[in-house]
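Have a look at work10.cif below; it lists mmCIF, C-alpha atoms.
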data_target
loop_
_atom_site.label_atom_id
_atom_site.label_comp_id
_atom_site.auth_asym_id
_atom_site.auth_seq_id
_atom_site.Cartn_x
_atom_site.Cartn_y
_atom_site.Cartn_z
CA MET A 29 77.77 58.86 175.77
CA ARG A 30 80.05 60.99 177.91
CA ALA A 31 78.51 63.40 180.40
CA LEU A 32 79.86 66.40 178.50
CA ASP A 33 78.20 65.16 175.28
CA ARG A 34 74.91 64.69 177.15
CA LYS A 35 75.20 68.27 178.40
CA LEU A 36 75.68 69.49 174.84
CA VAL A 37 72.71 67.49 173.51
CA ARG A 38 70.38 68.60 176.32
CA GLU A 39 71.34 72.24 176.01
CA LEU A 40 70.87 72.12 172.25
CA MET A 41 67.43 70.55 172.77
CA ARG A 42 66.55 73.22 175.30
CA LEU A 43 67.59 75.95 172.87
CA LYS A 44 66.06 74.31 169.82
CA GLY A 45 63.64 77.21 169.17
CA GLN A 46 66.48 79.70 169.14
CA ILE A 47 68.71 77.36 167.13
CA VAL A 48 66.01 76.84 164.48
CA THR A 49 65.47 80.62 164.31
CA ILE A 50 69.18 81.29 163.96
CA ALA A 51 69.43 78.54 161.31
CA LEU A 52 66.54 80.09 159.36
CA VAL A 53 68.11 83.55 159.53
CA ILE A 54 71.44 82.15 158.34
CA ALA A 55 69.72 80.10 155.61
CA SER A 56 67.76 83.10 154.34
CA GLY A 57 70.93 85.18 154.40
CA ILE A 58 72.80 82.54 152.39
CA THR A 59 69.87 82.20 149.96
CA SER A 60 69.75 85.96 149.41
CA PHE A 61 73.50 86.07 148.94
CA ILE A 62 73.44 83.25 146.39
CA ALA A 63 70.46 84.77 144.54
CA LEU A 64 72.08 88.22 144.40
CA ARG A 65 75.40 86.76 143.31
CA GLY A 66 73.59 84.82 140.59
CA ALA A 67 71.71 87.92 139.42
CA TYR A 68 74.92 89.94 139.42
CA ALA A 69 76.81 87.27 137.42
CA SER A 70 73.89 86.99 135.01
CA LEU A 71 73.73 90.77 134.48
CA GLU A 72 77.46 90.94 133.99
CA ALA A 73 77.35 88.09 131.44
CA ALA A 74 74.43 89.72 129.63
CA ARG A 75 76.26 93.03 129.49
CA THR A 76 79.44 91.39 128.17
CA ALA A 77 77.45 89.41 125.58
CA TYR A 78 75.61 92.56 124.48
CA TYR A 79 78.83 94.54 124.14
CA ASP A 80 80.42 91.68 122.19
CA ARG A 81 77.45 91.27 119.87
CA PHE A 82 77.24 94.96 119.06
CA ARG A 83 81.02 95.51 119.13
CA PHE A 84 80.81 98.22 121.76
CA ALA A 85 83.87 100.44 121.65
CA HIS A 86 86.27 100.46 124.56
CA VAL A 87 87.48 104.03 124.02
CA PHE A 88 85.71 107.13 122.72
CA VAL A 89 87.64 110.21 121.60
CA HIS A 90 86.22 113.48 120.35
CA VAL A 91 88.38 115.52 117.99
CA GLU A 92 87.54 118.71 116.11
CA ARG A 93 88.00 119.00 112.37
CA ALA A 94 90.23 115.93 112.13
CA PRO A 95 90.82 114.45 108.66
CA GLU A 96 89.99 110.77 108.12
CA ALA A 97 93.74 110.03 107.83
CA VAL A 98 94.01 110.42 111.62
CA ALA A 99 92.06 107.19 111.94
CA ARG A 100 94.78 105.30 110.06
CA ARG A 101 97.42 106.71 112.43
CA ILE A 102 95.36 105.68 115.44
CA GLU A 103 95.05 102.14 114.03
CA ARG A 104 98.81 101.85 114.15
CA ILE A 105 98.97 102.47 117.90
CA PRO A 106 99.95 99.20 119.66
CA GLY A 107 96.91 97.56 121.25
CA VAL A 108 94.36 99.21 119.00
CA GLU A 109 92.36 96.52 117.25
CA LEU A 110 89.73 98.50 115.41
CA VAL A 111 88.99 102.16 114.72
CA ASP A 112 85.69 103.57 113.54
CA THR A 113 84.94 107.19 112.90
CA ARG A 114 81.68 109.11 113.02
CA ILE A 115 80.65 112.66 112.61
CA SER A 116 78.94 113.88 115.75
CA GLU A 117 77.17 117.21 115.88
CA GLU A 118 74.74 118.88 118.27
CA VAL A 119 71.81 120.38 116.40
CA THR A 120 68.34 121.81 116.96
CA LEU A 121 65.50 119.54 115.96
CA PRO A 122 62.51 121.56 114.81
CA ILE A 123 59.71 119.04 115.19
CA GLU A 124 56.22 120.11 114.31
CA GLY A 125 53.90 120.53 117.22
CA MET A 126 56.58 120.98 119.87
CA GLY A 127 56.41 124.34 121.62
CA ARG A 128 60.09 124.55 122.40
CA THR A 129 62.67 123.43 119.86
CA PRO A 130 64.68 120.58 121.33
CA TYR A 131 68.38 119.99 120.96
CA GLY A 132 69.69 116.66 119.75
CA ARG A 133 72.88 114.99 118.69
CA LEU A 134 73.29 113.65 115.17
CA LEU A 135 75.65 110.73 114.59
CA SER A 136 76.66 109.68 111.12
CA LEU A 137 76.13 106.12 109.87
CA PRO A 138 78.04 104.22 107.19
CA ARG A 139 76.65 104.52 103.68
CA SER A 140 75.26 101.05 103.98
CA GLY A 141 74.91 98.40 106.68
CA GLN A 142 75.89 98.46 110.34
CA PRO A 143 78.80 100.51 111.74
CA VAL A 144 82.06 98.64 112.42
CA THR A 145 81.75 99.44 116.16
CA ASN A 146 78.70 100.31 118.23
CA ALA A 147 76.30 98.45 115.96
CA LEU A 148 72.66 99.46 116.14
CA SER A 149 70.00 97.25 117.68
CA LEU A 150 66.96 98.05 115.61
CA ARG A 151 63.76 97.84 117.63
CA SER A 152 61.54 98.57 114.64
CA GLY A 153 61.84 99.85 111.09
CA ARG A 154 65.03 99.50 109.07
CA LEU A 155 68.41 101.16 108.54
CA PRO A 156 68.51 104.08 106.06
CA GLU A 157 68.77 102.93 102.47
CA PRO A 158 72.11 103.58 100.77
CA GLY A 159 72.31 106.98 99.20
CA ARG A 160 69.28 108.40 101.02
CA ASP A 161 69.93 111.69 102.81
CA ASP A 162 66.43 112.09 104.24
CA GLU A 163 66.28 109.07 106.54
CA VAL A 164 67.43 108.80 110.13
CA VAL A 165 67.47 106.23 112.90
CA LEU A 166 66.07 107.55 116.17
CA LEU A 167 66.87 106.43 119.69
CA GLU A 168 63.91 104.47 120.98
CA PRO A 169 63.25 106.65 124.07
CA PHE A 170 63.28 109.81 121.92
CA ALA A 171 60.88 108.31 119.37
CA ARG A 172 58.57 107.04 122.07
CA ALA A 173 58.60 110.35 123.94
CA HIS A 174 57.55 112.26 120.82
CA GLY A 175 55.24 109.63 119.35
CA LEU A 176 57.39 109.11 116.25
CA GLU A 177 56.88 105.84 114.32
CA PRO A 178 58.84 104.31 111.42
CA GLY A 179 57.72 106.07 108.25
CA HIS A 180 57.02 109.40 109.98
CA HIS A 181 57.85 112.33 107.82
CA GLU A 182 59.05 115.62 109.18
CA ARG A 183 59.41 118.64 106.97
CA MET B 13 107.42 71.28 190.19
CA GLN B 14 109.94 68.84 188.84
CA SER B 15 107.73 67.36 186.16
CA ALA B 16 104.18 66.32 185.44
CA THR B 17 105.36 62.71 185.70
CA ALA B 18 106.59 63.38 189.22
CA LEU B 19 103.14 64.69 190.09
CA ASP B 20 101.40 61.74 188.53
CA SER B 21 103.28 59.22 190.64
CA ARG B 22 101.12 58.34 193.61
CA SER B 23 102.99 57.89 196.85
CA SER B 24 102.49 54.77 198.88
CA SER B 25 104.15 56.26 201.94
CA GLY B 26 102.61 55.77 205.31
CA GLU B 27 100.56 58.10 207.51
CA HIS B 28 101.61 61.57 208.69
CA GLN B 29 103.70 62.20 205.63
CA VAL B 30 103.57 65.78 204.42
CA VAL B 31 101.51 65.81 201.23
CA LEU B 32 101.23 69.54 200.78
CA ALA B 33 103.46 72.27 202.18
CA CYS B 34 104.35 75.88 201.62
CA GLU B 35 107.25 78.05 202.78
CA ASP B 36 107.23 81.80 203.30
CA LEU B 37 104.28 82.23 200.98
CA HIS B 38 103.40 85.77 199.90
CA LYS B 39 100.58 86.90 197.69
CA VAL B 40 100.01 90.52 196.73
CA TYR B 41 97.09 91.71 194.62
CA ARG B 42 97.81 94.84 192.65
CA MET B 43 94.75 97.13 192.52
CA GLY B 44 95.87 99.92 190.23
CA GLU B 45 98.52 101.84 192.13
CA VAL B 46 97.83 100.06 195.40
CA ASP B 47 99.32 96.73 196.50
CA VAL B 48 96.99 94.66 198.67
CA PRO B 49 98.82 91.88 200.53
CA ALA B 50 96.68 88.75 201.02
CA LEU B 51 99.38 86.41 202.33
CA ASP B 52 102.38 87.74 204.20
CA GLY B 53 104.78 84.85 204.74
CA VAL B 54 102.74 81.72 205.43
CA ASP B 55 104.40 78.43 206.40
CA PHE B 56 101.99 75.55 206.32
CA ALA B 57 101.79 71.76 205.94
CA LEU B 58 99.00 69.27 205.32
CA TYR B 59 99.64 65.67 206.32
CA SER B 60 98.34 62.52 204.69
CA GLY B 61 95.04 61.30 206.06
CA GLU B 62 94.46 64.27 208.36
CA LEU B 63 91.43 66.54 208.52
CA LEU B 64 92.62 70.10 208.92
CA VAL B 65 90.48 73.15 209.52
CA LEU B 66 91.77 76.54 208.35
CA LEU B 67 90.06 79.10 210.52
CA GLY B 68 89.98 82.82 209.97
CA VAL B 69 87.81 85.86 209.53
CA SER B 70 86.92 87.27 206.14
CA GLY B 71 89.98 88.78 204.47
CA SER B 72 92.47 86.76 206.53
CA GLY B 73 93.83 85.06 203.39
CA LYS B 74 92.21 81.61 203.76
CA SER B 75 90.78 81.36 200.27
CA THR B 76 93.92 82.81 198.70
CA LEU B 77 95.98 80.17 200.49
CA LEU B 78 93.62 77.39 199.42
CA ASN B 79 93.63 78.55 195.81
CA ILE B 80 97.42 78.54 195.75
CA LEU B 81 97.64 75.13 197.45
CA GLY B 82 95.11 73.79 194.95
CA GLY B 83 97.03 75.06 191.94
CA LEU B 84 94.29 77.52 190.98
CA ASP B 85 96.48 80.54 191.65
CA VAL B 86 100.20 81.26 191.93
CA PRO B 87 101.98 83.03 194.77
CA SER B 88 103.87 86.31 194.42
CA SER B 89 106.79 84.66 196.22
CA GLY B 90 107.51 81.60 198.35
CA ARG B 91 107.42 77.91 197.55
CA VAL B 92 104.68 75.29 197.44
CA PHE B 93 105.36 71.57 197.47
CA PHE B 94 103.15 68.61 196.67
CA ARG B 95 105.08 65.72 198.21
CA SER B 96 108.56 66.25 196.77
CA ALA B 97 107.43 68.16 193.68
CA GLU B 98 107.60 71.96 193.72
CA LEU B 99 104.35 73.43 192.42
CA THR B 100 105.83 76.91 192.12
CA ASP B 101 108.05 75.60 189.32
CA ALA B 102 105.12 74.09 187.44
CA ASP B 103 103.82 75.46 184.17
CA GLU B 104 100.12 75.55 183.21
CA ASP B 105 100.14 71.92 182.03
CA GLY B 106 101.87 70.79 185.22
CA LEU B 107 99.31 72.57 187.39
CA THR B 108 96.47 71.13 185.32
CA ALA B 109 97.87 67.61 185.79
CA TYR B 110 98.22 68.28 189.53
CA ARG B 111 94.62 69.49 189.83
CA ARG B 112 93.28 66.72 187.62
CA HIS B 113 94.95 63.82 189.37
CA HIS B 114 95.46 64.90 192.94
CA VAL B 115 93.09 67.62 194.09
CA GLY B 116 89.36 67.64 194.75
CA PHE B 117 87.68 71.00 195.27
CA VAL B 118 84.48 71.82 197.12
CA PHE B 119 83.35 75.44 197.08
CA GLN B 120 80.70 77.37 198.96
CA PHE B 121 78.54 77.41 195.83
CA TYR B 122 78.14 74.02 194.32
CA ASN B 123 78.90 74.76 190.65
CA LEU B 124 76.84 71.84 189.41
CA ILE B 125 75.78 71.68 185.76
CA PRO B 126 72.01 72.30 185.78
CA SER B 127 71.32 70.22 182.67
CA LEU B 128 73.01 67.09 184.09
CA THR B 129 71.71 64.72 186.76
CA ALA B 130 73.63 64.06 189.97
CA ARG B 131 75.13 60.91 188.41
CA GLU B 132 76.15 62.78 185.25
CA ASN B 133 77.66 65.67 187.21
CA VAL B 134 79.93 63.16 188.93
CA ALA B 135 80.57 61.40 185.62
CA LEU B 136 82.05 64.66 184.28
CA VAL B 137 85.03 63.85 186.48
CA THR B 138 85.06 60.06 186.22
CA ASP B 139 85.04 60.32 182.40
CA ILE B 140 88.52 61.88 182.47
CA ALA B 141 90.08 60.53 185.71
CA ASP B 142 92.43 57.57 186.07
CA ASP B 143 91.00 54.79 188.24
CA PRO B 144 87.99 56.74 189.55
CA LEU B 145 85.16 55.56 191.77
CA GLU B 146 81.96 54.73 189.92
CA PRO B 147 79.61 57.76 190.04
CA GLU B 148 77.04 55.61 191.85
CA GLU B 149 79.65 54.58 194.44
CA ALA B 150 80.70 58.20 195.05
CA LEU B 151 77.10 59.33 195.41
CA ASP B 152 76.37 56.41 197.71
CA LEU B 153 79.28 57.49 199.89
CA VAL B 154 77.70 60.91 200.38
CA GLY B 155 74.28 59.39 201.08
CA LEU B 156 72.69 60.16 197.73
CA GLY B 157 72.47 56.65 196.34
CA ASP B 158 68.74 57.10 195.85
CA ARG B 159 68.97 60.50 194.10
CA LEU B 160 71.20 59.50 191.19
CA ASP B 161 68.90 60.69 188.43
CA HIS B 162 67.78 63.93 190.01
CA PHE B 163 68.75 67.22 188.44
CA PRO B 164 70.29 69.95 190.65
CA ALA B 165 67.02 71.89 190.60
CA GLN B 166 65.32 68.86 192.17
CA LEU B 167 67.83 68.71 195.05
CA SER B 168 68.10 70.78 198.22
CA GLY B 169 71.14 72.97 198.88
CA GLY B 170 72.66 70.35 201.17
CA GLU B 171 72.08 67.60 198.62
CA GLN B 172 73.64 69.71 195.89
CA GLN B 173 76.68 70.29 198.08
CA ARG B 174 76.92 66.55 198.69
CA VAL B 175 76.83 65.97 194.92
CA ALA B 176 79.67 68.49 194.67
CA ILE B 177 81.59 66.51 197.29
CA ALA B 178 80.90 63.23 195.44
CA ARG B 179 82.21 64.88 192.28
CA ALA B 180 85.34 66.05 194.13
CA ILE B 181 86.14 62.64 195.62
CA ALA B 182 85.15 60.46 192.63
CA LYS B 183 88.66 60.66 191.20
CA ARG B 184 90.11 59.43 194.52
CA PRO B 185 92.10 62.64 195.07
CA THR B 186 95.09 62.76 197.37
CA ILE B 187 93.86 66.07 198.76
CA LEU B 188 90.36 67.44 199.28
CA LEU B 189 90.18 71.23 199.60
CA CYS B 190 86.88 72.66 200.84
CA ASP B 191 86.30 76.41 200.78
CA GLU B 192 83.46 77.31 203.17
CA PRO B 193 81.52 74.15 202.24
CA THR B 194 78.72 74.99 204.69
CA GLY B 195 78.72 78.73 204.02
CA ALA B 196 75.49 78.69 202.02
CA LEU B 197 73.70 76.12 204.18
CA ASP B 198 71.60 76.19 207.32
CA PHE B 199 72.90 74.56 210.48
CA LYS B 200 71.18 71.20 210.04
CA THR B 201 72.22 70.81 206.42
CA GLY B 202 75.71 72.08 207.22
CA ILE B 203 76.11 69.28 209.77
CA LEU B 204 75.08 66.72 207.13
CA VAL B 205 77.69 68.07 204.74
CA LEU B 206 80.43 68.09 207.41
CA ASP B 207 79.45 64.53 208.28
CA VAL B 208 80.06 63.54 204.66
CA ILE B 209 83.44 65.31 204.58
CA GLU B 210 84.38 63.56 207.81
CA ARG B 211 83.32 60.19 206.40
CA VAL B 212 85.29 60.73 203.16
CA ASN B 213 88.36 61.62 205.23
CA LEU B 214 88.04 58.51 207.40
CA GLU B 215 86.94 55.99 204.78
CA LEU B 216 89.09 57.08 201.83
CA GLY B 217 91.96 58.52 203.89
CA THR B 218 91.94 61.69 201.81
CA ALA B 219 93.98 64.53 203.32
CA THR B 220 91.33 67.20 203.78
CA ALA B 221 91.56 70.94 204.41
CA VAL B 222 88.35 72.75 205.29
CA ILE B 223 88.26 76.54 205.24
CA THR B 224 85.75 78.18 207.50
CA HIS B 225 85.14 81.30 209.54
CA ASN B 226 82.85 79.25 211.80
CA ALA B 227 84.96 78.34 214.88
CA PRO B 228 82.84 75.38 216.17
CA ILE B 229 83.58 73.48 212.94
CA ALA B 230 87.21 73.26 214.10
CA GLU B 231 86.10 70.57 216.58
CA ILE B 232 85.86 67.94 213.83
CA ALA B 233 89.50 68.48 212.82
CA ASP B 234 92.72 66.68 213.75
CA ARG B 235 94.46 70.02 213.59
CA VAL B 236 93.38 73.66 213.43
CA VAL B 237 95.36 76.42 211.77
CA THR B 238 94.18 79.97 212.36
CA LEU B 239 94.99 82.67 209.83
CA ALA B 240 94.88 86.40 210.50
CA ASP B 241 96.06 89.24 208.26
CA GLY B 242 97.76 86.86 205.85
CA LEU B 243 99.78 85.07 208.53
CA VAL B 244 99.43 81.85 210.49
CA GLN B 245 98.37 83.15 213.87
CA SER B 246 98.16 79.82 215.68
CA GLU B 247 98.24 76.10 215.10
CA ARG B 248 96.93 73.45 217.46
CA ALA B 249 96.21 69.75 217.41
CA VAL B 250 92.75 68.73 218.56
CA GLY B 251 93.01 66.05 221.21
CA ARG B 252 89.86 64.19 220.33
CA ARG B 253 88.02 64.76 217.10
CA ARG B 254 84.35 65.30 217.62
CA LYS B 255 81.81 63.92 215.23
CA ALA B 256 80.08 66.44 213.04
CA SER B 257 76.74 65.32 214.42
CA GLU B 258 77.89 66.44 217.92
CA LEU B 259 78.51 70.03 216.82
CA SER B 260 76.27 72.97 217.42
CA TRP B 261 76.50 76.67 216.63
#

What does this structure look like when you write it as structure tokens?
Amino acid sequence: MRALDRKLVRELMRLKGQIVTIALVIASGITSFIALRGAYASLEAARTAYYDRFRFAHVFVHVERAPEAVARRIERIPGVELVDTRISEEVTLPIEGMGRTPYGRLLSLPRSGQPVTNALSLRSGRLPEPGRDDEVVLLEPFARAHGLEPGHHER
Amino acid sequence: MQSATALDSRSSSGEHQVVLACEDLHKVYRMGEVDVPALDGVDFALYSGELLVLLGVSGSGKSTLLNILGGLDVPSSGRVFFRSAELTDADEDGLTAYRRHHVGFVFQFYNLIPSLTARENVALVTDIADDPLEPEEALDLVGLGDRLDHFPAQLSGGEQQRVAIARAIAKRPTILLCDEPTGALDFKTGILVLDVIERVNLELGTATAVITHNAPIAEIADRVVTLADGLVQSERAVGRRRKASELSW
């Protein structure tokens, strides 16, 4: 072994405590980086899969008093794959037992089945039956906050 | 310098040939707006096989001259020759080849590698030199044949300086340049070190230049050159070289 190589080996041996510490710091940094990258990729994949499964819309547009025929015109715009329309209205929600009347937003649903875009993920209960005008689907946090269960009846 | 090849060729010329020379050498250090001249037109020659002492007070330009002669620094103007090759024409690679093959340096502070033994410190040079002495042989020559495996911390100052000398001569240099080799040593140890330098000069025939501000050391030389204010003030041949062991100061 050449003298310069001996010098390197001896100095590495002398600094082995520091070298091991530095190696551990680097290893933990790399481990954290890989774990965070993995979690990020996993979250991104889960989000993409969720959006695909429930056909989450790419673009939302609010128009006032627009006839349904506008949807057909929008469908003809190059690049537009699918158009779905809803009626969206802000309303008061007089719920029994609540001191102050809350505001809420009502979104229309198709007469039967899931919407073409932004499908619903039902956590419990069922979708409104066709033809019924006294059934609604509630957002889970709203229902939980007000203790509303499937089958609850509000006058 | 003409070429690295020219430097690498080892002369077989006889004694009293000029091995190292400089003409009208100037060196100016620029300190901001101020120019500080260190050498102011030095003419100098070192002959093969001789032991030369460069004498001068601090700031006289001795170390600057030695650094330029050893290829560690470049002059502001003037010419430096190693045999027939002009060092002032040399590029970095040429100067490196010159230092590697032809010059041994000994400094006031030993610059040994603390994590290597005496033998390994010398081997640093023999690993890369052409036709070197064996490290053991070089250490034996400086009287440290029985301290081969000692680390610098286990050696006295004088012994460390002798290891530094062994390292400098292990490549069989043409020139040995010593900058205040006894500057950090007490009298007794200094004499031991000078004795080794003297022996290397006599036994290997290495042209040797010793820088010192200590005038009695000049007695061991063949020739003494005195520098003052960046100029050669005087030059004299010593009639009879005294042995280092006969010196006192």

Which residues of chain B come within 6 Å of chain A, and for each one, what is the closest pair of atoms and their distance in Å to one decimal, counting all atoms listed in the file, sorted by chain and residue number, as a tab-separated table?
residue	atom	partner	partner_atom	distance
B:Glu132	CA	A:Ala31	CA	5.4
B:Ala135	CA	A:Ala31	CA	6.0
B:Leu136	CA	A:Ala31	CA	5.4

Can you give me, as a VMD selection string, the residues this file yields under the PyMOL selection byres ((chain B and resi 217) around 10)? chain B and resid 27 60 to 63 184 to 187 210 to 216 218 to 220

Quick one: which residues end up in the PyMOL selection byres ((chain B and resi 239-248) around 6) for this structure, as a PDB file with C-alpha atoms, in the frame of the given file?
ATOM      1  CA  ALA B  50      96.680  88.750 201.020  1.00  0.00           C
ATOM      2  CA  LEU B  51      99.380  86.410 202.330  1.00  0.00           C
ATOM      3  CA  ASP B  52     102.380  87.740 204.200  1.00  0.00           C
ATOM      4  CA  VAL B  54     102.740  81.720 205.430  1.00  0.00           C
ATOM      5  CA  GLY B  68      89.980  82.820 209.970  1.00  0.00           C
ATOM      6  CA  SER B  72      92.470  86.760 206.530  1.00  0.00           C
ATOM      7  CA  GLY B  73      93.830  85.060 203.390  1.00  0.00           C
ATOM      8  CA  ARG B 235      94.460  70.020 213.590  1.00  0.00           C
ATOM      9  CA  VAL B 236      93.380  73.660 213.430  1.00  0.00           C
ATOM     10  CA  VAL B 237      95.360  76.420 211.770  1.00  0.00           C
ATOM     11  CA  THR B 238      94.180  79.970 212.360  1.00  0.00           C
ATOM     12  CA  ALA B 249      96.210  69.750 217.410  1.00  0.00           C
TER      13      ALA B 249
END

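With CA of Arg139 (chain A) on one side and CA of Arg172 (chain A) on the other, the separation reads 25.9 Å.
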
Residues matched by the PyMOL selection byres ((chain B and resi 111) around 10), written as a PyMOL selection string: chain B and resi 19+81-84+105-110+112-117+185+187

Find the residues near region 146-148 of chain B: any atom within 8 Å, counting all atoms listed in the file, skip ones fewer than 2 places away on the same chain, and give them as an MDAnalysis selection string. chainID B and resid 131:132 134:135 138 144 150:152 157 160 178:179 182

Could you give me, as JSON, numbers by chain, the residues within 12 Å of Leu155 (chain A), counting all atoms listed in the file and dropping anything in the same chain fewer than 6 positions from it? {"A": [137, 138, 139, 140, 141, 142, 143, 147, 148, 149, 162, 163, 164, 165, 166, 178, 179]}

Generate a file of the selected residues that holds C-alpha atoms, formatted as a short mmCIF file (atom, residue, chain, number, x, y, z; two decimals), keeping the file's coordinate frame.
data_model
loop_
_atom_site.label_atom_id
_atom_site.label_comp_id
_atom_site.auth_asym_id
_atom_site.auth_seq_id
_atom_site.Cartn_x
_atom_site.Cartn_y
_atom_site.Cartn_z
CA LEU A 137 76.13 106.12 109.87
CA PRO A 138 78.04 104.22 107.19
CA ARG A 139 76.65 104.52 103.68
CA SER A 140 75.26 101.05 103.98
CA GLY A 141 74.91 98.40 106.68
CA GLN A 142 75.89 98.46 110.34
CA PRO A 143 78.80 100.51 111.74
CA ALA A 147 76.30 98.45 115.96
CA LEU A 148 72.66 99.46 116.14
CA SER A 149 70.00 97.25 117.68
CA ASP A 162 66.43 112.09 104.24
CA GLU A 163 66.28 109.07 106.54
CA VAL A 164 67.43 108.80 110.13
CA VAL A 165 67.47 106.23 112.90
CA LEU A 166 66.07 107.55 116.17
CA PRO A 178 58.84 104.31 111.42
CA GLY A 179 57.72 106.07 108.25
#

Which residues come within 10 Å of Val86 (chain B), counting all atoms listed in the file, excluding same-chain residues fewer than 5 positions away, as a list in words? Leu37, His38, Lys39, Thr76, Leu77, Asn79, Ile80, Leu81, Arg91, Val92, Leu99, Thr100, Ala102 and Leu107 of chain B

Residues at most 10 Å from Pro228 (chain B), counting all atoms listed in the file, excluding those fewer than 6 positions away in the same chain, as a ChimeraX atom specification? /B:67,256,259-261

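Between Ala176 (chain B) and the candidates B:Ile203, B:Val222, B:Val46, B:Val154, the tightest atom-to-atom separation, counting only C-alpha atoms, involves B:Val154.
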